[in-house]
Structure formats: C-alpha cells, structure tokens
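K.L.:
I'd like to ask you about the structure that follows.
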Amino acid sequence: MLSELVTQIFNVNPLVYVTLFLVTVLYLKKRSERHEDNIPPFPEKPYPLLGHIPMLKDGLVEKFHEWRLSTGDIYSIYIGNQLYVVMCNAKILKEAFVKQGDIFSDRATTFAGRNLKNGSLGILESSGPNWKEQRSVSMSILRSFGMGKNFLADKISEEVEAYLGELSKAAGEPMEVRLITSASCCNIICAILIGNRFEYDDPYFTNLIHLLDEMMVLLGSTTLLNSFPWLQYLPGDYFDARKVLQNSKDIMDQFSQKFIKENRETEESQRIDNFINAYYNEMEKKNNAGTPTHLDEENLLFVVSNLFLAGTDTTSTTLMWVFLFCIRYPEEQAKVYEEIVTVIGTGRRPSAQDKSQMPYTNAFIMETQRLGCIGPLGLSHLCIKTTKVEGYTIPSGTSIIPNLEEVLKDAATWGDPLVFRPGRFLNENMELVVPEEFLPFSLGRRVCMGESMAKMELFLFTVGIIQRFQIEPENPESLPSEESVFGITCAPKPFKSSLMERN
C-alpha cells in the first residue's frame, strides 16, 4: 500500500511537493516541541513524518501484539505527527478510563468528524458537554423503552421468529447468512428509533442494508486520513474518502433525515413510541422551561445515525462468529442444544427469563465475544489534560488506543487464549463466572451504551437459532477459517452455513 501511495503522490502536480515539504517542516517542529519526558516507551524508533506507519503494513493487531511482548502493557507510537498511547491490560484501562474518566472520555477528531460534523455532534465521535447530554438523554430514552427488560425482549423475540422463518427457506442448502442477519438486527434498532420494522425483501430496506454493509468496509480505508487529511484531495480517491462521504450522506438522507421529517409531519408526532419523538419531547421540555440544552434537530440527525450504525453492525457481526464457532466446534453446539432442551424444550420460543437458568449457553456466547473480539482496538480516546497512568506521563492531546484484543486474549488471564473453550467461564458448580478482564464492550464513561440490549439480542438469537437448526459446514472437509477481516468491526471471512432443521 505504501509503495502505491508514494507512486500516486509523485504522479500529481508539483504543488504536492511543496505541500509535502511544508508538512514535513511543521511535523518536525511540533515533534521537537513535544514534551516526551517519561512518556510510555516506543517499541521502535519512528520514521520522520510517517511515524510508525511503515511498520504496520502487515497488520495492526499482529504488530501491536508483537510490540506488547517486546515493550510491555503500555507503550507509545506515532501515526504521522499524532502521539498514541496503546493500553493493553484491564488494570491500566481501568486506571485511565474509570479512575480518570474526566480526562480520558473525549474523542480525537477523525476524517469523518471533520467532514460530516459528527466530530462535534451526536454521540460516537463528539466530546464535552454536548456528548454528555446526548448520551445521557439517549440512555434515558432507551431505558424508558425497556432496554434490557422484558418489553424489549418480547420485541426481539418477535424479530428472531421472523429471522428463523427466513433462514428456513433455504431448506438446508448452504447459504451466506451475513446480510439477512444484518437486516434482522437492523429491524430491532429501527423498531426503537422509528417505531417500525421492514420486510426482508423490501427494496428500500435491502438497499439500506447494502449501504450500511459497504460503509463498514469503506471506513477501514480512511484510517490514514485521520492523521493526513490532505490525502483525501489526491486524485483517484485512493482512500475511498469520497465514497465514504457519499455513503454517509446517503444513509443520513435515506434514513435519519427521512424518518425525522416523516415523524414530525404526521399526527403521530405527539406519541412517544419511538426514539425520534421521545427526543423531541425532551428537547421541548427543556426549551419550554428555559433550561440551557444541546438538544436540537442537528444533533438528533447524528444521534439517530450513530444508533442505527452501531446498533446494527456490532450484534450482527458477533452472530456471524456464533455461526462460525458452531460449525468449527460441533461438540460445543451440542452442549448448548442440550441445555436448551433441558431448560426450554423444543415447543416454545426462548424468553428473557430463561437466561439466568442457562449458564453454559451464556458461557458459549461470552467465549464467542472473547475469541471473536469484534472491536480489537476499540475506539480511540483523547487525553485532554497531562496526567499520569501506570507511572508514565500522558501529555495533553495524546490519543489512547484501548487494545481490547490483548485484554481478551492475554495468556496470563485466560491460560489458553486462542482455544475456544466456553467452560473457562464456569466454576466447578457450573455457575457462571465473569473475570474483570472480560471487556467486550470496553469500560468507563464510553462503555457501549447498548450493552444490555446487545446481551439480550445475542442470547435470544443464539438460543433461537440453535433450538431450531443444527448448524453445519458447507463442506465438512473444508471448515471456515477463524481469521477475521480487519475493519471498523472484525468479522469472520465470508462463509456459508448449512442450517438443518431439527426434528
């Protein structure tokens, strides 16, 4: 990639040479001014201008693991001129994100944030008082809709039934379940956001799912643009910058803007039965009371888009790992099915009340989250005030990478971290045990706000799928790989499953 980039750069007009020269001078000046006494150590000496980027050509997760082994649980790297500190164990992350939450809860500006305003609006990339209010109000609304409670569980169960019916149409023939799984998870968040679900063959809905799926892939191409924003102006859209911006606009126009507008123009706008109307209700309460607020229509646009993207992709990607581990470890799938038959039987759908009685199934799901690890490097945080962590100085303006991959696959914690073994979450009495190092949703003030809903979805989907189908490989002689495709979330490489109806 780097050699292609260099070729691309030097094939354009001479102004690029001048730009590169000025950027290099500015970079070296800032680097020389940075206070680097007692910051976490560098695993390798950074290159001028590029920092450690050339060393990452063979994969971020792999190189970060290598650096942890050679340097320790906290170390520094440069991506361009930006200093990053990588934190690799639960104790250090707790010291930063929990004990010093005021200092480490902001986000650094990204390519998307600069170009779409979502660096200052919404939830995912915003910071400061605006972020706090958007998150607080959004959490309050989601809880009022029963997030993590039986009411929402019933809605999820209804969607699971529709999903299983769709899967049964394949009649055991090998199928790629990724898009239909995304559609089903998307329907759940749609029911909350807009008070409506879609049929799986609805052309509008299928187009929306394709846009979302493409967006998750494209965003992985824009990482370098966070540190080198001028790269987006090179000819050829080498980093998919224009595609990402267009996809973001399409999702915003076709989903967020569309349903916000429709909801406010109908007689249903006063009914608080969906997130959009509930948000407007909270906004109007504060405005009528003269209370200063960051709640407004522009923020709502980004909040809805944030929840739509995050609420769909994370759960559906984890479910793809459920399918894969069922195929690769049929004996574990059999143990889950045995517990399902014992606790639930085969004649009724699973419910939220069953969850507490099914330790092995919960352990299977947790082991899927641990080994699948859909967010290996989390989302970066920004240090807003010079402080100390683990005895090291973290300068103000430093970006923090929470290396959840290392936390979830640390041999010191898990013993055999690369082995799929649900029993690690059970004690001798077959009771569920959750180590503090189990952090698939991260931790601190930026912990995933949909955690309780995601847990309920994963339970009801997993139990529903295994209760009804035996999941088998397309070809028993060639099982799908456990290698993941690195991106905004890390999914398994594409594979097909044969879903054989039980009974």
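Residue numbering restarts at 1 for every chain of the structure tokens, chains are lettered A, B, ... in their displayed order, and ligands are numbered from 1 as they appear.
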Which residues of region 170-226 of chain A come within 9 Å of region 310-315 of chain A, and for each one, what is the closest pair of atoms and their distance in Å to one decimal, counting only C-alpha atoms, sorted by chain and residue number, as a Markdown table?
P.N.:
| residue | atom | partner | partner_atom | distance |
| --- | --- | --- | --- | --- |
| A:Ser182 | CA | A:Thr312 | CA | 6.3 |
| A:Ala183 | CA | A:Thr312 | CA | 7.9 |
| A:Ser184 | CA | A:Thr312 | CA | 8.5 |
| A:Cys185 | CA | A:Thr312 | CA | 5.3 |
| A:Cys186 | CA | A:Thr312 | CA | 4.7 |
| A:Asn187 | CA | A:Thr312 | CA | 8.3 |
| A:Ile188 | CA | A:Thr312 | CA | 8.2 |
| A:Ile189 | CA | A:Gly311 | CA | 6.0 |
| A:Leu212 | CA | A:Asp313 | CA | 8.3 |
| A:Asp213 | CA | A:Asp313 | CA | 8.1 |
| A:Met216 | CA | A:Asp313 | CA | 8.0 |
K.L.:
Take the selection from the previous step and output its residues with N, CA, C and O atoms, as a PDB file, in the first residue's frame.
P.N.:
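result30.pdb, freshly written:
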ATOM      1  N   SER A 182     -27.761  -9.119   9.343  1.00  0.00           N
ATOM      2  CA  SER A 182     -27.689  -7.660   9.484  1.00  0.00           C
ATOM      3  C   SER A 182     -29.077  -7.041   9.399  1.00  0.00           C
ATOM      4  O   SER A 182     -29.416  -6.131  10.169  1.00  0.00           O
ATOM      5  N   ALA A 183     -29.884  -7.535   8.464  1.00  0.00           N
ATOM      6  CA  ALA A 183     -31.236  -6.995   8.286  1.00  0.00           C
ATOM      7  C   ALA A 183     -32.084  -7.214   9.531  1.00  0.00           C
ATOM      8  O   ALA A 183     -32.833  -6.316   9.960  1.00  0.00           O
ATOM      9  N   SER A 184     -31.961  -8.377  10.137  1.00  0.00           N
ATOM     10  CA  SER A 184     -32.766  -8.668  11.312  1.00  0.00           C
ATOM     11  C   SER A 184     -32.357  -7.796  12.497  1.00  0.00           C
ATOM     12  O   SER A 184     -33.207  -7.240  13.208  1.00  0.00           O
ATOM     13  N   CYS A 185     -31.044  -7.662  12.720  1.00  0.00           N
ATOM     14  CA  CYS A 185     -30.570  -6.786  13.799  1.00  0.00           C
ATOM     15  C   CYS A 185     -30.939  -5.331  13.518  1.00  0.00           C
ATOM     16  O   CYS A 185     -31.263  -4.572  14.443  1.00  0.00           O
ATOM     17  N   CYS A 186     -30.897  -4.950  12.252  1.00  0.00           N
ATOM     18  CA  CYS A 186     -31.271  -3.594  11.865  1.00  0.00           C
ATOM     19  C   CYS A 186     -32.744  -3.337  12.178  1.00  0.00           C
ATOM     20  O   CYS A 186     -33.118  -2.255  12.636  1.00  0.00           O
ATOM     21  N   ASN A 187     -33.595  -4.335  11.963  1.00  0.00           N
ATOM     22  CA  ASN A 187     -35.018  -4.184  12.242  1.00  0.00           C
ATOM     23  C   ASN A 187     -35.280  -3.884  13.712  1.00  0.00           C
ATOM     24  O   ASN A 187     -36.208  -3.138  14.056  1.00  0.00           O
ATOM     25  N   ILE A 188     -34.468  -4.456  14.594  1.00  0.00           N
ATOM     26  CA  ILE A 188     -34.670  -4.225  16.025  1.00  0.00           C
ATOM     27  C   ILE A 188     -34.372  -2.773  16.372  1.00  0.00           C
ATOM     28  O   ILE A 188     -35.153  -2.118  17.072  1.00  0.00           O
ATOM     29  N   ILE A 189     -33.263  -2.252  15.878  1.00  0.00           N
ATOM     30  CA  ILE A 189     -32.938  -0.855  16.184  1.00  0.00           C
ATOM     31  C   ILE A 189     -33.902   0.091  15.464  1.00  0.00           C
ATOM     32  O   ILE A 189     -34.251   1.157  15.981  1.00  0.00           O
ATOM     33  N   LEU A 212     -25.216   0.217   4.458  1.00  0.00           N
ATOM     34  CA  LEU A 212     -24.617   0.046   5.774  1.00  0.00           C
ATOM     35  C   LEU A 212     -23.438  -0.917   5.720  1.00  0.00           C
ATOM     36  O   LEU A 212     -22.363  -0.654   6.276  1.00  0.00           O
ATOM     37  N   ASP A 213     -23.638  -2.034   5.033  1.00  0.00           N
ATOM     38  CA  ASP A 213     -22.587  -3.043   4.925  1.00  0.00           C
ATOM     39  C   ASP A 213     -21.359  -2.483   4.210  1.00  0.00           C
ATOM     40  O   ASP A 213     -20.216  -2.686   4.634  1.00  0.00           O
ATOM     41  N   MET A 216     -19.305  -0.016   6.469  1.00  0.00           N
ATOM     42  CA  MET A 216     -18.415  -0.634   7.453  1.00  0.00           C
ATOM     43  C   MET A 216     -17.093  -1.054   6.815  1.00  0.00           C
ATOM     44  O   MET A 216     -16.036  -1.002   7.446  1.00  0.00           O
TER      45      MET A 216
END
K.L.:
Just the residues within 12 Å of Tyr163 (chain A), please, counting only C-alpha atoms, with nothing from its chain fewer than 2 positions along; format it as number ranges by chain.
P.N.:
A: 156-161, 165-169, 177-188, 198-200, 460-462, 464-465, 468
K.L.:
Write the residues of the preceding selection, restricted to N, CA, C and O atoms, as a short mmCIF file (atom, residue, chain, number, x, y, z; two decimals), in the first residue's frame.
P.N.:
data_model
loop_
_atom_site.label_atom_id
_atom_site.label_comp_id
_atom_site.auth_asym_id
_atom_site.auth_seq_id
_atom_site.Cartn_x
_atom_site.Cartn_y
_atom_site.Cartn_z
N ILE A 156 -37.65 -8.28 20.55
CA ILE A 156 -36.53 -9.01 19.94
C ILE A 156 -36.97 -10.42 19.56
O ILE A 156 -36.65 -10.92 18.47
N SER A 157 -37.73 -11.06 20.45
CA SER A 157 -38.20 -12.43 20.18
C SER A 157 -39.06 -12.49 18.92
O SER A 157 -38.96 -13.44 18.12
N GLU A 158 -39.88 -11.48 18.72
CA GLU A 158 -40.71 -11.45 17.51
C GLU A 158 -39.84 -11.34 16.26
O GLU A 158 -40.10 -11.99 15.25
N GLU A 159 -38.78 -10.53 16.34
CA GLU A 159 -37.88 -10.40 15.19
C GLU A 159 -37.11 -11.69 14.97
O GLU A 159 -36.87 -12.09 13.82
N VAL A 160 -36.71 -12.36 16.05
CA VAL A 160 -35.99 -13.64 15.92
C VAL A 160 -36.87 -14.65 15.19
O VAL A 160 -36.39 -15.40 14.33
N GLU A 161 -38.16 -14.68 15.51
CA GLU A 161 -39.07 -15.61 14.83
C GLU A 161 -39.13 -15.35 13.32
O GLU A 161 -39.10 -16.27 12.51
N GLY A 165 -37.70 -17.89 10.36
CA GLY A 165 -38.54 -18.26 9.23
C GLY A 165 -37.85 -17.99 7.91
O GLY A 165 -37.96 -18.78 6.95
N GLU A 166 -37.12 -16.89 7.84
CA GLU A 166 -36.38 -16.56 6.62
C GLU A 166 -35.25 -17.56 6.38
O GLU A 166 -35.03 -18.01 5.26
N LEU A 167 -34.54 -17.94 7.45
CA LEU A 167 -33.46 -18.92 7.31
C LEU A 167 -33.99 -20.28 6.86
O LEU A 167 -33.33 -21.00 6.10
N SER A 168 -35.19 -20.63 7.31
CA SER A 168 -35.74 -21.96 6.98
C SER A 168 -36.06 -22.10 5.49
O SER A 168 -36.15 -23.22 4.98
N LYS A 169 -36.19 -20.96 4.79
CA LYS A 169 -36.50 -21.02 3.36
C LYS A 169 -35.38 -21.67 2.55
O LYS A 169 -35.61 -22.15 1.45
N VAL A 177 -25.31 -16.15 5.52
CA VAL A 177 -26.34 -15.57 6.36
C VAL A 177 -26.03 -14.13 6.79
O VAL A 177 -26.80 -13.53 7.54
N ARG A 178 -24.94 -13.57 6.32
CA ARG A 178 -24.49 -12.28 6.83
C ARG A 178 -25.51 -11.17 6.60
O ARG A 178 -25.86 -10.43 7.52
N LEU A 179 -26.00 -11.01 5.36
CA LEU A 179 -26.88 -9.88 5.07
C LEU A 179 -28.24 -10.02 5.75
O LEU A 179 -28.80 -9.04 6.26
N ILE A 180 -28.77 -11.25 5.79
CA ILE A 180 -30.07 -11.44 6.42
C ILE A 180 -29.96 -11.24 7.93
O ILE A 180 -30.87 -10.74 8.59
N THR A 181 -28.81 -11.58 8.49
CA THR A 181 -28.57 -11.35 9.92
C THR A 181 -28.47 -9.85 10.20
O THR A 181 -29.03 -9.35 11.18
N SER A 182 -27.76 -9.12 9.34
CA SER A 182 -27.69 -7.66 9.48
C SER A 182 -29.08 -7.04 9.40
O SER A 182 -29.42 -6.13 10.17
N ALA A 183 -29.88 -7.53 8.46
CA ALA A 183 -31.24 -6.99 8.29
C ALA A 183 -32.08 -7.21 9.53
O ALA A 183 -32.83 -6.32 9.96
N SER A 184 -31.96 -8.38 10.14
CA SER A 184 -32.77 -8.67 11.31
C SER A 184 -32.36 -7.80 12.50
O SER A 184 -33.21 -7.24 13.21
N CYS A 185 -31.04 -7.66 12.72
CA CYS A 185 -30.57 -6.79 13.80
C CYS A 185 -30.94 -5.33 13.52
O CYS A 185 -31.26 -4.57 14.44
N CYS A 186 -30.90 -4.95 12.25
CA CYS A 186 -31.27 -3.59 11.86
C CYS A 186 -32.74 -3.34 12.18
O CYS A 186 -33.12 -2.25 12.64
N ASN A 187 -33.60 -4.34 11.96
CA ASN A 187 -35.02 -4.18 12.24
C ASN A 187 -35.28 -3.88 13.71
O ASN A 187 -36.21 -3.14 14.06
N ILE A 188 -34.47 -4.46 14.59
CA ILE A 188 -34.67 -4.23 16.03
C ILE A 188 -34.37 -2.77 16.37
O ILE A 188 -35.15 -2.12 17.07
N PHE A 198 -39.15 -3.56 8.89
CA PHE A 198 -39.32 -3.72 7.45
C PHE A 198 -39.33 -5.20 7.08
O PHE A 198 -38.73 -6.04 7.76
N GLU A 199 -40.01 -5.49 5.99
CA GLU A 199 -39.93 -6.85 5.44
C GLU A 199 -38.56 -7.03 4.81
O GLU A 199 -37.99 -6.10 4.24
N TYR A 200 -38.04 -8.26 4.89
CA TYR A 200 -36.68 -8.51 4.41
C TYR A 200 -36.52 -8.29 2.90
O TYR A 200 -35.42 -8.01 2.43
N LEU A 460 -31.11 -14.25 22.82
CA LEU A 460 -32.33 -14.70 22.16
C LEU A 460 -32.07 -15.20 20.73
O LEU A 460 -32.67 -16.18 20.28
N PHE A 461 -31.17 -14.54 20.01
CA PHE A 461 -30.83 -15.02 18.67
C PHE A 461 -30.10 -16.36 18.74
O PHE A 461 -30.43 -17.30 18.01
N THR A 462 -29.08 -16.45 19.59
CA THR A 462 -28.28 -17.68 19.66
C THR A 462 -29.14 -18.87 20.06
O THR A 462 -29.08 -19.94 19.43
N GLY A 464 -32.43 -19.12 19.87
CA GLY A 464 -33.43 -19.37 18.82
C GLY A 464 -32.85 -20.14 17.64
O GLY A 464 -33.46 -21.08 17.12
N ILE A 465 -31.65 -19.75 17.21
CA ILE A 465 -31.01 -20.41 16.06
C ILE A 465 -30.69 -21.87 16.39
O ILE A 465 -31.03 -22.79 15.62
N ARG A 468 -33.64 -24.34 16.83
CA ARG A 468 -34.35 -24.74 15.62
C ARG A 468 -33.47 -25.43 14.59
O ARG A 468 -33.93 -26.33 13.86
#
K.L.:
Name all residues at most 10 Å from Leu152 (chain A) (count only C-alpha atoms; drop same-chain ones fewer than 6 positions away) and give them as a list in words.
P.N.:
Leu142, Arg143, Phe145, Gly146, Glu158, Ile188, Ala191, Ile192, Ala352, Met453, Met456 and Glu457 of chain A
K.L.:
Which residues in region 265-481 of chain A does DSSP call helix (DSSP H, G or I)? List them as an NGL selection string.
P.N.:
:A and (265 or 267-270 or 275-289 or 297-328 or 330-343 or 352-357 or 359-372 or 404-408 or 411-414 or 422-425 or 444-446 or 451-468)
K.L.:
CA of Val485 (chain A) and CA of Tyr84 (chain A), how far apart in Å?
P.N.:
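Going from CA of Tyr84 (chain A) over to CA of Val485 (chain A) covers 23.3 Å.
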K.L.:
Find the residue from A:Ile77, A:Ile471, A:Leu404, A:Leu193 that sits nearest to Ile272 (chain A); use only C-alpha atoms when measuring.
P.N.:
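Of A:Ile77, A:Ile471, A:Leu404, A:Leu193, the one nearest Ile272 (chain A) is A:Leu193, counting only C-alpha atoms.
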K.L.:
What's the 7 Å shell around Pro395 (chain A), counting only C-alpha atoms, without same-chain residues fewer than 3 positions away, as a list of chain:residue names?
P.N.:
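Counting only the stated atoms, we get A:Lys385, A:Thr386, A:Thr387, A:Thr398.
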K.L.:
Of the candidates A:Pro48, A:Gly113, A:Gly220, A:Gly290, which shows the shortest atom-to-atom distance to Asn81 (chain A), using only C-alpha atoms?
P.N.:
A:Pro48
K.L.:
Taking only C-alpha atoms into account, name the residue in A:Pro40, A:Gly372, A:Gly415, A:Gly378 that is nearest to Asp73 (chain A).
P.N.:
A:Pro40
K.L.:
For a test of reading the model, state the distance in Å between CA of Gln232 (chain A) and CA of Thr317 (chain A), rounded to one decimal.
P.N.:
28.6 Å
K.L.:
May I ask which of the residues A:Ala162, A:Tyr78, A:Ser484, A:Ile39 is the closest one to Pro54 (chain A), counting only C-alpha atoms?
P.N.:
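Smallest separation from Pro54 (chain A) among the options: A:Tyr78.
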K.L.:
Have a look at CA of Arg264 (chain A) and CA of Ser127 (chain A) and let me know their distance in Å, one decimal.
P.N.:
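Answer for the CA of Arg264 (chain A) to CA of Ser127 (chain A) separation: 27.9 Å.
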K.L.:
Pick out the residues sitting within 10 Å of Gly122 (chain A), and hand them over as a list in words; count only C-alpha atoms, and ignore anything fewer than 4 positions along from it in its own chain.
P.N.:
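Non-adjacent residues within range: Lys117, Asn118, Ser126, Ser127, Asn130, Trp131, Glu133, Gln134, Arg135, Leu295, Glu298, Asn299, Leu300, Leu301, Phe302, Val303, Val304, Ser305, Asn306 and Leu307 of chain A.
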K.L.:
Create the file for the chosen residues now, containing N, CA and C atoms and written as a compact mmCIF listing (two decimals), in the first residue's frame.
P.N.:
# COMPACT_ATOMS: atom_id res chain seq x y z
N LYS A 117 -19.34 16.82 10.45
CA LYS A 117 -19.77 17.49 11.68
C LYS A 117 -20.03 16.52 12.82
N ASN A 118 -19.93 15.20 12.58
CA ASN A 118 -20.21 14.29 13.68
C ASN A 118 -19.06 14.20 14.66
N SER A 126 -18.45 12.76 19.25
CA SER A 126 -18.49 14.07 19.90
C SER A 126 -17.84 14.00 21.28
N SER A 127 -17.60 15.17 21.87
CA SER A 127 -16.93 15.25 23.17
C SER A 127 -17.57 16.35 24.02
N ASN A 130 -21.69 18.58 25.10
CA ASN A 130 -22.66 18.10 24.12
C ASN A 130 -22.77 16.58 24.16
N TRP A 131 -21.61 15.90 24.14
CA TRP A 131 -21.62 14.43 24.20
C TRP A 131 -22.32 13.94 25.47
N GLU A 133 -24.62 15.28 27.30
CA GLU A 133 -26.08 15.42 27.28
C GLU A 133 -26.72 14.49 26.26
N GLN A 134 -26.11 14.37 25.08
CA GLN A 134 -26.69 13.47 24.07
C GLN A 134 -26.72 12.03 24.58
N ARG A 135 -25.62 11.61 25.21
CA ARG A 135 -25.57 10.23 25.73
C ARG A 135 -26.57 10.04 26.88
N LEU A 295 -29.69 19.78 23.09
CA LEU A 295 -30.63 19.00 22.29
C LEU A 295 -31.17 19.88 21.17
N GLU A 298 -30.22 19.14 14.67
CA GLU A 298 -28.99 18.72 14.01
C GLU A 298 -28.32 17.60 14.80
N ASN A 299 -28.30 17.72 16.12
CA ASN A 299 -27.76 16.64 16.94
C ASN A 299 -28.60 15.36 16.79
N LEU A 300 -29.91 15.51 16.75
CA LEU A 300 -30.79 14.36 16.60
C LEU A 300 -30.47 13.59 15.33
N LEU A 301 -30.19 14.31 14.26
CA LEU A 301 -29.85 13.68 12.99
C LEU A 301 -28.65 12.74 13.15
N PHE A 302 -27.63 13.19 13.86
CA PHE A 302 -26.43 12.38 14.04
C PHE A 302 -26.62 11.29 15.10
N VAL A 303 -27.41 11.58 16.14
CA VAL A 303 -27.67 10.56 17.16
C VAL A 303 -28.39 9.37 16.52
N VAL A 304 -29.39 9.64 15.72
CA VAL A 304 -30.14 8.56 15.06
C VAL A 304 -29.21 7.76 14.15
N SER A 305 -28.37 8.44 13.39
CA SER A 305 -27.43 7.73 12.51
C SER A 305 -26.44 6.90 13.32
N ASN A 306 -25.93 7.46 14.42
CA ASN A 306 -25.00 6.72 15.29
C ASN A 306 -25.62 5.45 15.81
N LEU A 307 -26.85 5.56 16.35
CA LEU A 307 -27.52 4.39 16.92
C LEU A 307 -27.87 3.37 15.85
K.L.:
Of the residues A:Thr346, A:Gln257, A:Glu95, A:Glu406, which is the one nearest to Lys63 (chain A), using only C-alpha atoms?
P.N.:
A:Glu406
K.L.:
So which one's closest to Val217 (chain A), A:Asn503, A:Leu418, A:Ile394, A:Gly487? Using only C-alpha atoms, please.
P.N.:
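Looking at the shortest contact to Val217 (chain A), the residue is A:Gly487.
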K.L.:
Which residues are near Val86 (chain A)? Cut-off 10 Å, only C-alpha atoms, ignore same chain within fewer than 2 positions. Put them as number ranges by chain.
P.N.:
A: 40, 64, 67-68, 72-77, 83-84, 88-89, 93, 377, 380, 399-403
K.L.:
Just the selected residues (N, CA, C and O atoms), exported as a PDB file, in the first residue's frame, please.
P.N.:
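Contents of out18.pdb, freshly written:
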ATOM      1  N   PRO A  40       5.238   6.752  27.946  1.00  0.00           N
ATOM      2  CA  PRO A  40       5.443   5.310  27.757  1.00  0.00           C
ATOM      3  C   PRO A  40       6.456   5.051  26.635  1.00  0.00           C
ATOM      4  O   PRO A  40       6.527   5.814  25.665  1.00  0.00           O
ATOM      5  N   PHE A  64       0.740  -4.849  16.967  1.00  0.00           N
ATOM      6  CA  PHE A  64       0.504  -4.386  18.328  1.00  0.00           C
ATOM      7  C   PHE A  64       0.783  -5.501  19.342  1.00  0.00           C
ATOM      8  O   PHE A  64       1.271  -5.247  20.443  1.00  0.00           O
ATOM      9  N   TRP A  67       4.553  -5.820  19.647  1.00  0.00           N
ATOM     10  CA  TRP A  67       5.097  -4.717  20.433  1.00  0.00           C
ATOM     11  C   TRP A  67       4.784  -4.882  21.922  1.00  0.00           C
ATOM     12  O   TRP A  67       5.583  -4.517  22.775  1.00  0.00           O
ATOM     13  N   ARG A  68       3.625  -5.419  22.228  1.00  0.00           N
ATOM     14  CA  ARG A  68       3.319  -5.637  23.638  1.00  0.00           C
ATOM     15  C   ARG A  68       4.296  -6.638  24.251  1.00  0.00           C
ATOM     16  O   ARG A  68       4.778  -6.449  25.382  1.00  0.00           O
ATOM     17  N   GLY A  72       5.842  -4.100  26.636  1.00  0.00           N
ATOM     18  CA  GLY A  72       5.041  -4.076  27.857  1.00  0.00           C
ATOM     19  C   GLY A  72       3.595  -3.709  27.606  1.00  0.00           C
ATOM     20  O   GLY A  72       3.156  -3.544  26.463  1.00  0.00           O
ATOM     21  N   ASP A  73       2.855  -3.561  28.692  1.00  0.00           N
ATOM     22  CA  ASP A  73       1.415  -3.368  28.603  1.00  0.00           C
ATOM     23  C   ASP A  73       0.987  -1.947  28.265  1.00  0.00           C
ATOM     24  O   ASP A  73      -0.197  -1.686  28.071  1.00  0.00           O
ATOM     25  N   ILE A  74       1.930  -1.013  28.219  1.00  0.00           N
ATOM     26  CA  ILE A  74       1.611   0.362  27.815  1.00  0.00           C
ATOM     27  C   ILE A  74       2.806   0.905  27.039  1.00  0.00           C
ATOM     28  O   ILE A  74       3.940   0.823  27.502  1.00  0.00           O
ATOM     29  N   TYR A  75       2.564   1.392  25.838  1.00  0.00           N
ATOM     30  CA  TYR A  75       3.659   1.912  25.011  1.00  0.00           C
ATOM     31  C   TYR A  75       3.138   3.004  24.091  1.00  0.00           C
ATOM     32  O   TYR A  75       1.922   3.192  23.926  1.00  0.00           O
ATOM     33  N   SER A  76       4.068   3.746  23.491  1.00  0.00           N
ATOM     34  CA  SER A  76       3.733   4.882  22.640  1.00  0.00           C
ATOM     35  C   SER A  76       4.083   4.591  21.187  1.00  0.00           C
ATOM     36  O   SER A  76       5.051   3.885  20.902  1.00  0.00           O
ATOM     37  N   ILE A  77       3.305   5.149  20.280  1.00  0.00           N
ATOM     38  CA  ILE A  77       3.635   5.112  18.851  1.00  0.00           C
ATOM     39  C   ILE A  77       3.216   6.445  18.240  1.00  0.00           C
ATOM     40  O   ILE A  77       2.409   7.184  18.822  1.00  0.00           O
ATOM     41  N   LEU A  83       0.677  11.535  18.562  1.00  0.00           N
ATOM     42  CA  LEU A  83       1.140  10.575  19.550  1.00  0.00           C
ATOM     43  C   LEU A  83      -0.030   9.732  20.034  1.00  0.00           C
ATOM     44  O   LEU A  83      -1.067  10.258  20.434  1.00  0.00           O
ATOM     45  N   TYR A  84       0.148   8.417  19.984  1.00  0.00           N
ATOM     46  CA  TYR A  84      -0.831   7.467  20.516  1.00  0.00           C
ATOM     47  C   TYR A  84      -0.187   6.692  21.653  1.00  0.00           C
ATOM     48  O   TYR A  84       0.987   6.329  21.576  1.00  0.00           O
ATOM     49  N   CYS A  88      -2.833  -2.048  27.149  1.00  0.00           N
ATOM     50  CA  CYS A  88      -3.050  -3.459  26.795  1.00  0.00           C
ATOM     51  C   CYS A  88      -3.550  -4.353  27.918  1.00  0.00           C
ATOM     52  O   CYS A  88      -3.598  -5.565  27.736  1.00  0.00           O
ATOM     53  N   ASN A  89      -3.868  -3.813  29.076  1.00  0.00           N
ATOM     54  CA  ASN A  89      -4.466  -4.699  30.075  1.00  0.00           C
ATOM     55  C   ASN A  89      -5.564  -3.984  30.855  1.00  0.00           C
ATOM     56  O   ASN A  89      -5.668  -2.756  30.855  1.00  0.00           O
ATOM     57  N   LEU A  93      -6.316   0.119  31.772  1.00  0.00           N
ATOM     58  CA  LEU A  93      -7.507   0.740  31.194  1.00  0.00           C
ATOM     59  C   LEU A  93      -8.444   1.260  32.281  1.00  0.00           C
ATOM     60  O   LEU A  93      -9.038   2.333  32.149  1.00  0.00           O
ATOM     61  N   LEU A 377      -9.305  -3.047  18.699  1.00  0.00           N
ATOM     62  CA  LEU A 377      -8.618  -1.833  19.147  1.00  0.00           C
ATOM     63  C   LEU A 377      -9.595  -0.769  19.642  1.00  0.00           C
ATOM     64  O   LEU A 377      -9.235   0.401  19.790  1.00  0.00           O
ATOM     65  N   SER A 380     -10.696   5.029  19.762  1.00  0.00           N
ATOM     66  CA  SER A 380      -9.665   5.786  20.467  1.00  0.00           C
ATOM     67  C   SER A 380     -10.277   6.892  21.334  1.00  0.00           C
ATOM     68  O   SER A 380     -11.323   7.453  21.010  1.00  0.00           O
ATOM     69  N   SER A 399      -3.722  10.629  21.852  1.00  0.00           N
ATOM     70  CA  SER A 399      -4.810   9.692  21.584  1.00  0.00           C
ATOM     71  C   SER A 399      -4.506   8.364  22.271  1.00  0.00           C
ATOM     72  O   SER A 399      -3.359   7.922  22.302  1.00  0.00           O
ATOM     73  N   ILE A 400      -5.545   7.730  22.809  1.00  0.00           N
ATOM     74  CA  ILE A 400      -5.384   6.484  23.552  1.00  0.00           C
ATOM     75  C   ILE A 400      -6.075   5.351  22.802  1.00  0.00           C
ATOM     76  O   ILE A 400      -7.245   5.461  22.439  1.00  0.00           O
ATOM     77  N   ILE A 401      -5.344   4.273  22.562  1.00  0.00           N
ATOM     78  CA  ILE A 401      -5.913   3.086  21.927  1.00  0.00           C
ATOM     79  C   ILE A 401      -6.122   2.018  22.995  1.00  0.00           C
ATOM     80  O   ILE A 401      -5.153   1.504  23.561  1.00  0.00           O
ATOM     81  N   PRO A 402      -7.379   1.663  23.297  1.00  0.00           N
ATOM     82  CA  PRO A 402      -7.628   0.553  24.226  1.00  0.00           C
ATOM     83  C   PRO A 402      -7.515  -0.774  23.484  1.00  0.00           C
ATOM     84  O   PRO A 402      -8.397  -1.135  22.701  1.00  0.00           O
ATOM     85  N   ASN A 403      -6.423  -1.503  23.705  1.00  0.00           N
ATOM     86  CA  ASN A 403      -6.182  -2.733  22.953  1.00  0.00           C
ATOM     87  C   ASN A 403      -6.952  -3.890  23.594  1.00  0.00           C
ATOM     88  O   ASN A 403      -6.416  -4.699  24.355  1.00  0.00           O
TER      89      ASN A 403
END
K.L.:
Taking 5 positions as the minimum chain separation for residues in the same chain, which residues sit within 12 Å of Ser478 (chain A) when counting only C-alpha atoms? Answer as a list of chain:residue names.
P.N.:
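Those residues are A:Ile327, A:Arg328, A:Glu472, A:Pro473, A:Phe495, A:Lys496, A:Ser497.
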